[in-house]
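**Student:** Here you go, model18.txt (compact mmCIF, N, CA and C atoms):
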# COMPACT_ATOMS: atom_id res chain seq x y z
N MET N 10 -33.23 15.64 -48.88
CA MET N 10 -34.33 14.86 -48.38
C MET N 10 -33.81 13.46 -48.07
N GLU N 11 -34.17 12.94 -46.92
CA GLU N 11 -33.75 11.60 -46.53
C GLU N 11 -34.97 10.69 -46.47
N LEU N 12 -34.90 9.57 -47.18
CA LEU N 12 -35.97 8.58 -47.12
C LEU N 12 -35.66 7.61 -45.99
N ILE N 13 -36.68 7.29 -45.21
CA ILE N 13 -36.50 6.36 -44.10
C ILE N 13 -37.41 5.15 -44.30
N GLU N 14 -37.09 4.07 -43.62
CA GLU N 14 -37.90 2.86 -43.67
C GLU N 14 -39.24 3.09 -42.97
N ALA N 15 -40.27 2.47 -43.49
CA ALA N 15 -41.59 2.53 -42.87
C ALA N 15 -41.79 1.39 -41.87
N THR N 16 -40.83 0.47 -41.83
CA THR N 16 -41.01 -0.73 -41.02
C THR N 16 -41.27 -0.48 -39.53
N PRO N 17 -40.73 0.57 -38.91
CA PRO N 17 -41.08 0.77 -37.50
C PRO N 17 -42.59 0.94 -37.27
N TRP N 18 -43.29 1.52 -38.22
CA TRP N 18 -44.73 1.72 -38.11
C TRP N 18 -45.51 0.50 -38.60
N LEU N 19 -44.85 -0.35 -39.35
CA LEU N 19 -45.49 -1.55 -39.90
C LEU N 19 -45.20 -2.79 -39.07
N ALA N 20 -44.40 -2.66 -38.03
CA ALA N 20 -43.98 -3.81 -37.23
C ALA N 20 -45.13 -4.72 -36.80
N PRO N 21 -46.30 -4.18 -36.42
CA PRO N 21 -47.39 -5.09 -36.04
C PRO N 21 -47.87 -5.99 -37.18
N LEU N 22 -47.56 -5.64 -38.41
CA LEU N 22 -47.96 -6.45 -39.57
C LEU N 22 -46.85 -7.40 -40.03
N MET N 23 -45.73 -7.42 -39.30
CA MET N 23 -44.58 -8.24 -39.68
C MET N 23 -44.35 -9.31 -38.62
N PRO N 24 -44.84 -10.53 -38.86
CA PRO N 24 -44.73 -11.58 -37.85
C PRO N 24 -43.28 -11.82 -37.42
N GLY N 25 -43.10 -11.95 -36.11
CA GLY N 25 -41.78 -12.16 -35.54
C GLY N 25 -41.56 -13.61 -35.14
N ASN N 26 -40.51 -13.83 -34.36
CA ASN N 26 -40.17 -15.17 -33.88
C ASN N 26 -41.36 -15.83 -33.19
N GLY N 27 -41.54 -17.11 -33.47
CA GLY N 27 -42.59 -17.87 -32.81
C GLY N 27 -43.97 -17.75 -33.42
N PHE N 28 -44.11 -16.98 -34.48
CA PHE N 28 -45.42 -16.81 -35.13
C PHE N 28 -45.82 -18.11 -35.82
N HIS N 29 -47.10 -18.48 -35.69
CA HIS N 29 -47.60 -19.68 -36.37
C HIS N 29 -49.11 -19.60 -36.52
N LEU N 30 -49.57 -19.93 -37.71
CA LEU N 30 -51.00 -20.10 -37.99
C LEU N 30 -51.20 -21.45 -38.66
N GLY N 31 -52.34 -22.07 -38.41
CA GLY N 31 -52.69 -23.28 -39.13
C GLY N 31 -52.15 -24.56 -38.52
N ALA N 32 -51.98 -25.54 -39.41
CA ALA N 32 -51.61 -26.90 -38.99
C ALA N 32 -50.24 -26.95 -38.31
N LYS N 33 -50.10 -27.94 -37.44
CA LYS N 33 -48.82 -28.17 -36.77
C LYS N 33 -47.79 -28.63 -37.80
N ILE N 34 -46.54 -28.22 -37.59
CA ILE N 34 -45.46 -28.55 -38.52
C ILE N 34 -44.76 -29.82 -38.05
N SER N 35 -44.56 -30.75 -38.97
CA SER N 35 -43.87 -32.01 -38.65
C SER N 35 -42.36 -31.79 -38.59
N ALA N 36 -41.67 -32.77 -38.07
CA ALA N 36 -40.20 -32.71 -38.00
C ALA N 36 -39.61 -32.63 -39.41
N GLU N 37 -40.19 -33.36 -40.36
CA GLU N 37 -39.70 -33.34 -41.74
C GLU N 37 -39.90 -31.95 -42.36
N GLN N 38 -41.06 -31.37 -42.10
CA GLN N 38 -41.32 -30.02 -42.62
C GLN N 38 -40.38 -29.01 -41.98
N ARG N 39 -40.10 -29.15 -40.69
CA ARG N 39 -39.18 -28.25 -40.00
C ARG N 39 -37.79 -28.34 -40.65
N ALA N 40 -37.36 -29.55 -40.97
CA ALA N 40 -36.06 -29.72 -41.63
C ALA N 40 -36.07 -29.05 -43.01
N ASP N 41 -37.19 -29.17 -43.75
CA ASP N 41 -37.29 -28.51 -45.05
C ASP N 41 -37.30 -26.99 -44.90
N ILE N 42 -37.92 -26.48 -43.85
CA ILE N 42 -37.92 -25.04 -43.60
C ILE N 42 -36.49 -24.55 -43.39
N GLU N 43 -35.75 -25.24 -42.55
CA GLU N 43 -34.38 -24.83 -42.26
C GLU N 43 -33.50 -24.92 -43.51
N PHE N 44 -33.65 -26.00 -44.27
CA PHE N 44 -32.90 -26.15 -45.52
C PHE N 44 -33.30 -25.05 -46.50
N GLY N 45 -34.61 -24.84 -46.67
CA GLY N 45 -35.10 -23.82 -47.58
C GLY N 45 -34.65 -22.42 -47.21
N PHE N 46 -34.56 -22.16 -45.91
CA PHE N 46 -34.10 -20.85 -45.46
C PHE N 46 -32.66 -20.60 -45.92
N ARG N 47 -31.79 -21.58 -45.75
CA ARG N 47 -30.39 -21.43 -46.18
C ARG N 47 -30.32 -21.20 -47.69
N ILE N 48 -31.09 -21.95 -48.46
CA ILE N 48 -31.08 -21.81 -49.92
C ILE N 48 -31.66 -20.45 -50.32
N ALA N 49 -32.77 -20.05 -49.71
CA ALA N 49 -33.40 -18.77 -50.06
C ALA N 49 -32.49 -17.59 -49.73
N LYS N 50 -31.79 -17.65 -48.60
CA LYS N 50 -30.88 -16.56 -48.27
C LYS N 50 -29.76 -16.45 -49.30
N GLU N 51 -29.30 -17.59 -49.79
CA GLU N 51 -28.23 -17.56 -50.79
C GLU N 51 -28.76 -17.09 -52.15
N THR N 52 -29.91 -17.58 -52.58
CA THR N 52 -30.44 -17.14 -53.89
C THR N 52 -30.80 -15.65 -53.84
N SER N 53 -31.28 -15.19 -52.70
CA SER N 53 -31.59 -13.76 -52.60
C SER N 53 -30.29 -12.93 -52.58
N ARG N 54 -29.25 -13.44 -51.95
CA ARG N 54 -27.96 -12.75 -51.96
C ARG N 54 -27.44 -12.61 -53.38
N LEU N 55 -27.69 -13.60 -54.20
CA LEU N 55 -27.25 -13.58 -55.59
C LEU N 55 -28.22 -12.83 -56.51
N GLU N 56 -29.26 -12.22 -55.91
CA GLU N 56 -30.26 -11.44 -56.67
C GLU N 56 -31.06 -12.31 -57.63
N ILE N 57 -31.25 -13.59 -57.28
CA ILE N 57 -32.03 -14.50 -58.12
C ILE N 57 -33.49 -14.43 -57.73
N GLY N 58 -33.79 -14.61 -56.45
CA GLY N 58 -35.16 -14.60 -55.98
C GLY N 58 -35.20 -14.75 -54.47
N GLN N 59 -36.36 -14.46 -53.90
CA GLN N 59 -36.50 -14.45 -52.45
C GLN N 59 -37.35 -15.59 -51.92
N LEU N 60 -37.76 -16.50 -52.81
CA LEU N 60 -38.62 -17.61 -52.42
C LEU N 60 -38.09 -18.90 -53.01
N VAL N 61 -38.09 -19.95 -52.21
CA VAL N 61 -37.77 -21.28 -52.71
C VAL N 61 -38.85 -22.25 -52.26
N ILE N 62 -39.04 -23.30 -53.06
CA ILE N 62 -39.97 -24.37 -52.73
C ILE N 62 -39.14 -25.64 -52.61
N VAL N 63 -39.28 -26.33 -51.48
CA VAL N 63 -38.53 -27.56 -51.24
C VAL N 63 -39.47 -28.67 -50.79
N LYS N 64 -39.02 -29.91 -50.98
CA LYS N 64 -39.75 -31.06 -50.47
C LYS N 64 -38.75 -32.18 -50.24
N ASN N 65 -38.79 -32.74 -49.06
CA ASN N 65 -37.91 -33.85 -48.70
C ASN N 65 -36.43 -33.53 -48.98
N GLY N 66 -36.03 -32.32 -48.67
CA GLY N 66 -34.63 -31.93 -48.82
C GLY N 66 -34.19 -31.63 -50.23
N ALA N 67 -35.12 -31.52 -51.16
CA ALA N 67 -34.79 -31.21 -52.55
C ALA N 67 -35.41 -29.87 -52.94
N VAL N 68 -34.66 -29.06 -53.65
CA VAL N 68 -35.18 -27.78 -54.15
C VAL N 68 -36.02 -28.07 -55.39
N LEU N 69 -37.29 -27.67 -55.35
CA LEU N 69 -38.20 -27.87 -56.49
C LEU N 69 -38.29 -26.64 -57.37
N ALA N 70 -38.27 -25.46 -56.76
CA ALA N 70 -38.42 -24.22 -57.53
C ALA N 70 -37.76 -23.08 -56.80
N VAL N 71 -37.23 -22.17 -57.58
CA VAL N 71 -36.62 -20.94 -57.07
C VAL N 71 -37.30 -19.78 -57.79
N GLU N 72 -37.73 -18.81 -57.01
CA GLU N 72 -38.40 -17.65 -57.60
C GLU N 72 -37.44 -16.88 -58.51
N GLY N 73 -37.94 -16.57 -59.66
CA GLY N 73 -37.21 -15.72 -60.59
C GLY N 73 -38.05 -14.49 -60.85
N PHE N 74 -37.99 -14.01 -62.05
CA PHE N 74 -38.70 -12.80 -62.42
C PHE N 74 -40.22 -12.96 -62.37
N GLU N 75 -40.70 -14.22 -62.41
CA GLU N 75 -42.14 -14.46 -62.46
C GLU N 75 -42.87 -14.05 -61.20
N GLY N 76 -42.20 -14.01 -60.06
CA GLY N 76 -42.82 -13.59 -58.82
C GLY N 76 -43.26 -14.74 -57.94
N THR N 77 -43.71 -14.39 -56.75
CA THR N 77 -44.04 -15.35 -55.70
C THR N 77 -45.14 -16.32 -56.11
N ASP N 78 -46.28 -15.83 -56.56
CA ASP N 78 -47.41 -16.70 -56.82
C ASP N 78 -47.12 -17.72 -57.92
N LYS N 79 -46.47 -17.31 -58.98
CA LYS N 79 -46.16 -18.25 -60.06
C LYS N 79 -45.12 -19.27 -59.62
N CYS N 80 -44.18 -18.86 -58.78
CA CYS N 80 -43.21 -19.80 -58.25
C CYS N 80 -43.90 -20.82 -57.35
N LEU N 81 -44.82 -20.36 -56.50
CA LEU N 81 -45.58 -21.28 -55.65
C LEU N 81 -46.34 -22.30 -56.48
N ALA N 82 -46.99 -21.83 -57.54
CA ALA N 82 -47.76 -22.73 -58.41
C ALA N 82 -46.84 -23.76 -59.07
N ARG N 83 -45.71 -23.30 -59.57
CA ARG N 83 -44.76 -24.20 -60.24
C ARG N 83 -44.18 -25.20 -59.24
N GLY N 84 -43.77 -24.73 -58.09
CA GLY N 84 -43.22 -25.63 -57.07
C GLY N 84 -44.23 -26.63 -56.56
N GLY N 85 -45.47 -26.17 -56.37
CA GLY N 85 -46.52 -27.08 -55.94
C GLY N 85 -46.78 -28.17 -56.97
N GLU N 86 -46.76 -27.80 -58.23
CA GLU N 86 -46.95 -28.78 -59.30
C GLU N 86 -45.81 -29.80 -59.30
N LEU N 87 -44.60 -29.34 -59.12
CA LEU N 87 -43.44 -30.23 -59.11
C LEU N 87 -43.40 -31.13 -57.88
N ALA N 88 -44.14 -30.78 -56.83
CA ALA N 88 -44.19 -31.60 -55.61
C ALA N 88 -44.96 -32.90 -55.84
N GLY N 89 -45.74 -32.95 -56.90
CA GLY N 89 -46.50 -34.16 -57.21
C GLY N 89 -47.91 -34.11 -56.68
N ARG N 90 -48.66 -35.14 -56.98
CA ARG N 90 -50.09 -35.18 -56.64
C ARG N 90 -50.35 -35.14 -55.14
N ASP N 91 -49.42 -35.67 -54.35
CA ASP N 91 -49.62 -35.67 -52.91
C ASP N 91 -49.26 -34.33 -52.26
N GLY N 92 -48.71 -33.40 -53.03
CA GLY N 92 -48.38 -32.07 -52.52
C GLY N 92 -47.35 -32.12 -51.41
N GLY N 93 -47.55 -31.29 -50.41
CA GLY N 93 -46.67 -31.32 -49.24
C GLY N 93 -45.41 -30.50 -49.34
N ALA N 94 -45.31 -29.64 -50.33
CA ALA N 94 -44.10 -28.82 -50.47
C ALA N 94 -44.04 -27.76 -49.37
N VAL N 95 -42.84 -27.29 -49.13
CA VAL N 95 -42.57 -26.23 -48.15
C VAL N 95 -42.00 -25.03 -48.91
N ALA N 96 -42.60 -23.87 -48.71
CA ALA N 96 -42.12 -22.63 -49.32
C ALA N 96 -41.48 -21.76 -48.25
N VAL N 97 -40.36 -21.15 -48.59
CA VAL N 97 -39.67 -20.26 -47.66
C VAL N 97 -39.40 -18.93 -48.36
N LYS N 98 -39.88 -17.84 -47.75
CA LYS N 98 -39.73 -16.49 -48.31
C LYS N 98 -38.85 -15.67 -47.37
N VAL N 99 -37.84 -15.00 -47.96
CA VAL N 99 -36.89 -14.22 -47.16
C VAL N 99 -36.72 -12.83 -47.77
N ALA N 100 -36.05 -11.98 -47.02
CA ALA N 100 -35.58 -10.70 -47.54
C ALA N 100 -34.13 -10.88 -47.97
N LYS N 101 -33.71 -10.08 -48.92
CA LYS N 101 -32.31 -10.12 -49.36
C LYS N 101 -31.41 -9.60 -48.25
N PRO N 102 -30.16 -10.05 -48.21
CA PRO N 102 -29.22 -9.41 -47.28
C PRO N 102 -29.11 -7.93 -47.68
N ASN N 103 -29.06 -7.08 -46.72
CA ASN N 103 -29.01 -5.63 -46.97
C ASN N 103 -30.19 -5.14 -47.79
N HIS N 104 -31.34 -5.79 -47.61
CA HIS N 104 -32.56 -5.43 -48.32
C HIS N 104 -32.93 -3.98 -47.99
N ASP N 105 -33.19 -3.18 -48.99
CA ASP N 105 -33.57 -1.78 -48.78
C ASP N 105 -35.07 -1.71 -48.51
N MET N 106 -35.42 -1.75 -47.23
CA MET N 106 -36.81 -1.78 -46.81
C MET N 106 -37.52 -0.44 -47.01
N ARG N 107 -36.81 0.55 -47.51
CA ARG N 107 -37.47 1.82 -47.81
C ARG N 107 -38.34 1.70 -49.05
N PHE N 108 -37.97 0.81 -49.96
CA PHE N 108 -38.62 0.76 -51.27
C PHE N 108 -39.35 -0.55 -51.54
N ASP N 109 -38.92 -1.63 -50.93
CA ASP N 109 -39.43 -2.95 -51.29
C ASP N 109 -39.50 -3.83 -50.06
N ILE N 110 -40.66 -3.93 -49.46
CA ILE N 110 -40.84 -4.78 -48.30
C ILE N 110 -41.49 -6.08 -48.76
N PRO N 111 -40.86 -7.24 -48.50
CA PRO N 111 -41.52 -8.49 -48.85
C PRO N 111 -42.92 -8.54 -48.23
N CYS N 112 -43.87 -9.10 -48.97
CA CYS N 112 -45.26 -9.03 -48.54
C CYS N 112 -46.03 -10.27 -49.00
N ILE N 113 -46.89 -10.78 -48.15
CA ILE N 113 -47.82 -11.83 -48.54
C ILE N 113 -49.19 -11.47 -48.00
N GLY N 114 -50.19 -12.11 -48.56
CA GLY N 114 -51.56 -11.89 -48.12
C GLY N 114 -52.42 -13.07 -48.49
N LEU N 115 -53.72 -12.85 -48.48
CA LEU N 115 -54.68 -13.91 -48.74
C LEU N 115 -54.45 -14.56 -50.11
N GLN N 116 -54.17 -13.77 -51.13
CA GLN N 116 -53.94 -14.34 -52.46
C GLN N 116 -52.76 -15.31 -52.45
N THR N 117 -51.71 -14.97 -51.72
CA THR N 117 -50.54 -15.84 -51.62
C THR N 117 -50.93 -17.17 -51.00
N LEU N 118 -51.70 -17.13 -49.93
CA LEU N 118 -52.11 -18.37 -49.26
C LEU N 118 -53.08 -19.16 -50.12
N GLU N 119 -53.94 -18.48 -50.86
CA GLU N 119 -54.84 -19.18 -51.78
C GLU N 119 -54.03 -19.92 -52.85
N THR N 120 -52.96 -19.31 -53.32
CA THR N 120 -52.09 -19.97 -54.29
C THR N 120 -51.43 -21.19 -53.67
N CYS N 121 -50.99 -21.08 -52.42
CA CYS N 121 -50.41 -22.24 -51.73
C CYS N 121 -51.41 -23.39 -51.68
N VAL N 122 -52.63 -23.10 -51.27
CA VAL N 122 -53.66 -24.13 -51.16
C VAL N 122 -53.93 -24.76 -52.52
N ALA N 123 -54.13 -23.94 -53.54
CA ALA N 123 -54.43 -24.45 -54.88
C ALA N 123 -53.29 -25.28 -55.45
N SER N 124 -52.05 -24.99 -55.02
CA SER N 124 -50.87 -25.67 -55.55
C SER N 124 -50.42 -26.86 -54.71
N GLY N 125 -51.05 -27.06 -53.55
CA GLY N 125 -50.64 -28.16 -52.69
C GLY N 125 -49.43 -27.87 -51.83
N VAL N 126 -49.07 -26.60 -51.70
CA VAL N 126 -47.98 -26.22 -50.79
C VAL N 126 -48.53 -26.32 -49.37
N ALA N 127 -47.84 -27.07 -48.51
CA ALA N 127 -48.33 -27.34 -47.16
C ALA N 127 -47.87 -26.33 -46.13
N VAL N 128 -46.70 -25.73 -46.36
CA VAL N 128 -46.11 -24.81 -45.38
C VAL N 128 -45.55 -23.59 -46.12
N LEU N 129 -45.83 -22.41 -45.57
CA LEU N 129 -45.20 -21.18 -46.03
C LEU N 129 -44.49 -20.58 -44.82
N ALA N 130 -43.17 -20.51 -44.90
CA ALA N 130 -42.36 -19.96 -43.81
C ALA N 130 -41.80 -18.61 -44.26
N LEU N 131 -41.91 -17.63 -43.40
CA LEU N 131 -41.45 -16.27 -43.67
C LEU N 131 -40.27 -15.94 -42.77
N GLU N 132 -39.35 -15.17 -43.30
CA GLU N 132 -38.26 -14.71 -42.45
C GLU N 132 -38.83 -13.80 -41.37
N SER N 133 -38.54 -14.13 -40.14
CA SER N 133 -39.07 -13.42 -38.99
C SER N 133 -38.77 -11.92 -39.06
N GLY N 134 -39.83 -11.12 -38.90
CA GLY N 134 -39.69 -9.67 -38.85
C GLY N 134 -39.32 -9.00 -40.15
N LYS N 135 -39.41 -9.71 -41.28
CA LYS N 135 -38.98 -9.14 -42.56
C LYS N 135 -40.06 -9.15 -43.64
N THR N 136 -41.26 -9.66 -43.33
CA THR N 136 -42.31 -9.78 -44.34
C THR N 136 -43.62 -9.24 -43.79
N LEU N 137 -44.30 -8.42 -44.58
CA LEU N 137 -45.62 -7.94 -44.21
C LEU N 137 -46.63 -9.05 -44.42
N LEU N 138 -47.51 -9.26 -43.45
CA LEU N 138 -48.63 -10.18 -43.58
C LEU N 138 -49.90 -9.35 -43.61
N LEU N 139 -50.50 -9.27 -44.79
CA LEU N 139 -51.74 -8.52 -44.97
C LEU N 139 -52.94 -9.44 -44.77
N GLU N 140 -54.07 -8.89 -44.39
CA GLU N 140 -55.32 -9.64 -44.22
C GLU N 140 -55.14 -10.81 -43.26
N ARG N 141 -54.54 -10.55 -42.12
CA ARG N 141 -54.17 -11.62 -41.19
C ARG N 141 -55.34 -12.50 -40.77
N GLU N 142 -56.48 -11.91 -40.44
CA GLU N 142 -57.62 -12.71 -40.00
C GLU N 142 -58.11 -13.64 -41.10
N ALA N 143 -58.20 -13.13 -42.32
CA ALA N 143 -58.62 -13.96 -43.45
C ALA N 143 -57.59 -15.04 -43.72
N CYS N 144 -56.30 -14.72 -43.57
CA CYS N 144 -55.23 -15.71 -43.76
C CYS N 144 -55.34 -16.80 -42.71
N GLU N 145 -55.61 -16.42 -41.48
CA GLU N 145 -55.73 -17.40 -40.40
C GLU N 145 -56.89 -18.35 -40.66
N THR N 146 -58.02 -17.82 -41.09
CA THR N 146 -59.18 -18.64 -41.40
C THR N 146 -58.87 -19.62 -42.52
N LEU N 147 -58.26 -19.12 -43.58
CA LEU N 147 -57.90 -19.97 -44.72
C LEU N 147 -56.91 -21.06 -44.32
N ALA N 148 -55.91 -20.68 -43.54
CA ALA N 148 -54.89 -21.65 -43.11
C ALA N 148 -55.53 -22.77 -42.29
N LYS N 149 -56.36 -22.43 -41.34
CA LYS N 149 -57.01 -23.44 -40.50
C LYS N 149 -57.92 -24.34 -41.32
N LYS N 150 -58.71 -23.74 -42.19
CA LYS N 150 -59.67 -24.49 -43.01
C LYS N 150 -58.96 -25.47 -43.94
N ASN N 151 -57.79 -25.13 -44.43
CA ASN N 151 -57.10 -25.94 -45.43
C ASN N 151 -55.86 -26.65 -44.92
N ARG N 152 -55.66 -26.67 -43.60
CA ARG N 152 -54.50 -27.33 -42.98
C ARG N 152 -53.18 -26.85 -43.57
N LEU N 153 -53.12 -25.57 -43.85
CA LEU N 153 -51.90 -24.92 -44.33
C LEU N 153 -51.19 -24.33 -43.13
N SER N 154 -49.89 -24.47 -43.08
CA SER N 154 -49.11 -23.89 -42.00
C SER N 154 -48.45 -22.62 -42.49
N LEU N 155 -48.58 -21.56 -41.71
CA LEU N 155 -47.89 -20.29 -41.96
C LEU N 155 -47.07 -20.02 -40.72
N THR N 156 -45.77 -19.90 -40.89
CA THR N 156 -44.89 -19.76 -39.73
C THR N 156 -43.72 -18.84 -40.07
N THR N 157 -42.92 -18.56 -39.06
CA THR N 157 -41.71 -17.74 -39.28
C THR N 157 -40.48 -18.55 -38.96
N ILE N 158 -39.38 -18.12 -39.55
CA ILE N 158 -38.08 -18.69 -39.25
C ILE N 158 -37.11 -17.54 -39.08
Will you turn the file into structure tokens for me?

**Tutor:**
Amino acid sequence: MELIEATPWLAPLMPGNGFHLGAKISAEQRADIEFGFRIAKETSRLEIGQLVIVKNGAVLAVEGFEGTDKCLARGGELAGRDGGAVAVKVAKPNHDMRFDIPCIGLQTLETCVASGVAVLALESGKTLLLEREACETLAKKNRLSLTTI
């Protein structure tokens, strides 16, 4: 028996290049996204975690065993009262998409809002976005940016 990836059938739920919901991203946030992407790819390669939280070029939190939502909460808290942190979620190099597809949904975005995370960037074509319409509404209402890199 051969197990195959489900991603070809899930492609419409996996935002690709150029995807964006919510508030416009500033130049500073774009720089944090690019920095966070490099860090997240390395931490995921080392099997540490697939999410990092950065602000002003500094790593605030790296996902460990606690999972995405707790890392977002911790990173948002470390960003300070003014918030503004940038979260970047990636897939591991050689990620086995047959068993574990990175995924976010409304609960993830609610955690971002509650924690003061301003931007959530996903690796293009590698993360499932569930409840897209509800996520879009929440992002617009709370000036949260959801984008791909």

**Student:** Please identify all polymer residues within 6.5 Å of stretch 67-76 of chain N, counting only N, CA and C atoms, omitting same-chain residues fewer than 6 positions from it, and present them as a ChimeraX atom specification.

**Tutor:** /N:57-61,83-84,87

**Student:** Of the candidates N:Val126, N:Val63, N:Ile158, N:Cys112, which one gets nearest to N:Asp91 if we count all atoms listed in the file?

**Tutor:**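 With all atoms listed in the file as the atom set, the closest residue is N:Val126.
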
**Student:** Tell me, in Å to one decimal, how far atom C of N:Leu30 is from atom CA of N:Ala123.

**Tutor:**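 We find that atom C of N:Leu30 and atom CA of N:Ala123 lie 16.8 Å from each other.
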
**Student:** Using DSSP on the backbone coordinates, identify all residues within stretch 28-157 of chain N classified as strand (DSSP E or B); present the result as a compact mmCIF listing (two decimals) with N, CA and C atoms, in the coordinates of the input.

**Tutor:**
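Final output, saved to states.txt:
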# COMPACT_ATOMS: atom_id res chain seq x y z
N HIS N 29 -47.10 -18.48 -35.69
CA HIS N 29 -47.60 -19.68 -36.37
C HIS N 29 -49.11 -19.60 -36.52
N LEU N 30 -49.57 -19.93 -37.71
CA LEU N 30 -51.00 -20.10 -37.99
C LEU N 30 -51.20 -21.45 -38.66
N GLY N 31 -52.34 -22.07 -38.41
CA GLY N 31 -52.69 -23.28 -39.13
C GLY N 31 -52.15 -24.56 -38.52
N LEU N 60 -37.76 -16.50 -52.81
CA LEU N 60 -38.62 -17.61 -52.42
C LEU N 60 -38.09 -18.90 -53.01
N VAL N 61 -38.09 -19.95 -52.21
CA VAL N 61 -37.77 -21.28 -52.71
C VAL N 61 -38.85 -22.25 -52.26
N ILE N 62 -39.04 -23.30 -53.06
CA ILE N 62 -39.97 -24.37 -52.73
C ILE N 62 -39.14 -25.64 -52.61
N VAL N 63 -39.28 -26.33 -51.48
CA VAL N 63 -38.53 -27.56 -51.24
C VAL N 63 -39.47 -28.67 -50.79
N LYS N 64 -39.02 -29.91 -50.98
CA LYS N 64 -39.75 -31.06 -50.47
C LYS N 64 -38.75 -32.18 -50.24
N ALA N 67 -35.12 -31.52 -51.16
CA ALA N 67 -34.79 -31.21 -52.55
C ALA N 67 -35.41 -29.87 -52.94
N VAL N 68 -34.66 -29.06 -53.65
CA VAL N 68 -35.18 -27.78 -54.15
C VAL N 68 -36.02 -28.07 -55.39
N LEU N 69 -37.29 -27.67 -55.35
CA LEU N 69 -38.20 -27.87 -56.49
C LEU N 69 -38.29 -26.64 -57.37
N ALA N 70 -38.27 -25.46 -56.76
CA ALA N 70 -38.42 -24.22 -57.53
C ALA N 70 -37.76 -23.08 -56.80
N VAL N 71 -37.23 -22.17 -57.58
CA VAL N 71 -36.62 -20.94 -57.07
C VAL N 71 -37.30 -19.78 -57.79
N ALA N 94 -45.31 -29.64 -50.33
CA ALA N 94 -44.10 -28.82 -50.47
C ALA N 94 -44.04 -27.76 -49.37
N VAL N 95 -42.84 -27.29 -49.13
CA VAL N 95 -42.57 -26.23 -48.15
C VAL N 95 -42.00 -25.03 -48.91
N ALA N 96 -42.60 -23.87 -48.71
CA ALA N 96 -42.12 -22.63 -49.32
C ALA N 96 -41.48 -21.76 -48.25
N VAL N 97 -40.36 -21.15 -48.59
CA VAL N 97 -39.67 -20.26 -47.66
C VAL N 97 -39.40 -18.93 -48.36
N LYS N 98 -39.88 -17.84 -47.75
CA LYS N 98 -39.73 -16.49 -48.31
C LYS N 98 -38.85 -15.67 -47.37
N CYS N 112 -43.87 -9.10 -48.97
CA CYS N 112 -45.26 -9.03 -48.54
C CYS N 112 -46.03 -10.27 -49.00
N ILE N 113 -46.89 -10.78 -48.15
CA ILE N 113 -47.82 -11.83 -48.54
C ILE N 113 -49.19 -11.47 -48.00
N VAL N 126 -49.07 -26.60 -51.70
CA VAL N 126 -47.98 -26.22 -50.79
C VAL N 126 -48.53 -26.32 -49.37
N ALA N 127 -47.84 -27.07 -48.51
CA ALA N 127 -48.33 -27.34 -47.16
C ALA N 127 -47.87 -26.33 -46.13
N VAL N 128 -46.70 -25.73 -46.36
CA VAL N 128 -46.11 -24.81 -45.38
C VAL N 128 -45.55 -23.59 -46.12
N LEU N 129 -45.83 -22.41 -45.57
CA LEU N 129 -45.20 -21.18 -46.03
C LEU N 129 -44.49 -20.58 -44.82
N ALA N 130 -43.17 -20.51 -44.90
CA ALA N 130 -42.36 -19.96 -43.81
C ALA N 130 -41.80 -18.61 -44.26
N LEU N 131 -41.91 -17.63 -43.40
CA LEU N 131 -41.45 -16.27 -43.67
C LEU N 131 -40.27 -15.94 -42.77
N LEU N 137 -44.30 -8.42 -44.58
CA LEU N 137 -45.62 -7.94 -44.21
C LEU N 137 -46.63 -9.05 -44.42
N LEU N 138 -47.51 -9.26 -43.45
CA LEU N 138 -48.63 -10.18 -43.58
C LEU N 138 -49.90 -9.35 -43.61
N SER N 154 -49.89 -24.47 -43.08
CA SER N 154 -49.11 -23.89 -42.00
C SER N 154 -48.45 -22.62 -42.49
N LEU N 155 -48.58 -21.56 -41.71
CA LEU N 155 -47.89 -20.29 -41.96
C LEU N 155 -47.07 -20.02 -40.72
N THR N 156 -45.77 -19.90 -40.89
CA THR N 156 -44.89 -19.76 -39.73
C THR N 156 -43.72 -18.84 -40.07
N THR N 157 -42.92 -18.56 -39.06
CA THR N 157 -41.71 -17.74 -39.28
C THR N 157 -40.48 -18.55 -38.96

**Student:** For a quick check of understanding, using all atoms listed in the file, which of N:Ala100, N:Gly114, N:Glu11, N:Pro21 has the smallest distance to N:Glu132?

**Tutor:**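 Between N:Ala100, N:Gly114, N:Glu11, N:Pro21, the residue approaching N:Glu132 most closely is N:Ala100.
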
**Student:** Give the alpha helix (DSSP H) residues of chain N, as assigned by DSSP on the backbone, as a ChimeraX atom specification.

**Tutor:** /N:16-19,36-54,77-87,115-124,141-151

**Student:** Residues of stretch 12-59 of chain N within 6.5 Å of stretch 94-97 of chain N: nearest atom pair and distance (Å, one decimal) for each, counting all atoms listed in the file, sorted by chain and number, as a Markdown table?

**Tutor:**
| residue | atom | partner | partner_atom | distance |
| --- | --- | --- | --- | --- |
| N:Asp41 | C | N:Val95 | CA | 6.2 |
| N:Ile42 | N | N:Val95 | CA | 6.3 |
| N:Gly45 | C | N:Val97 | CA | 5.5 |
| N:Phe46 | N | N:Val97 | CA | 5.7 |
| N:Ala49 | CA | N:Val97 | C | 6.2 |
| N:Gln59 | C | N:Val97 | C | 5.3 |
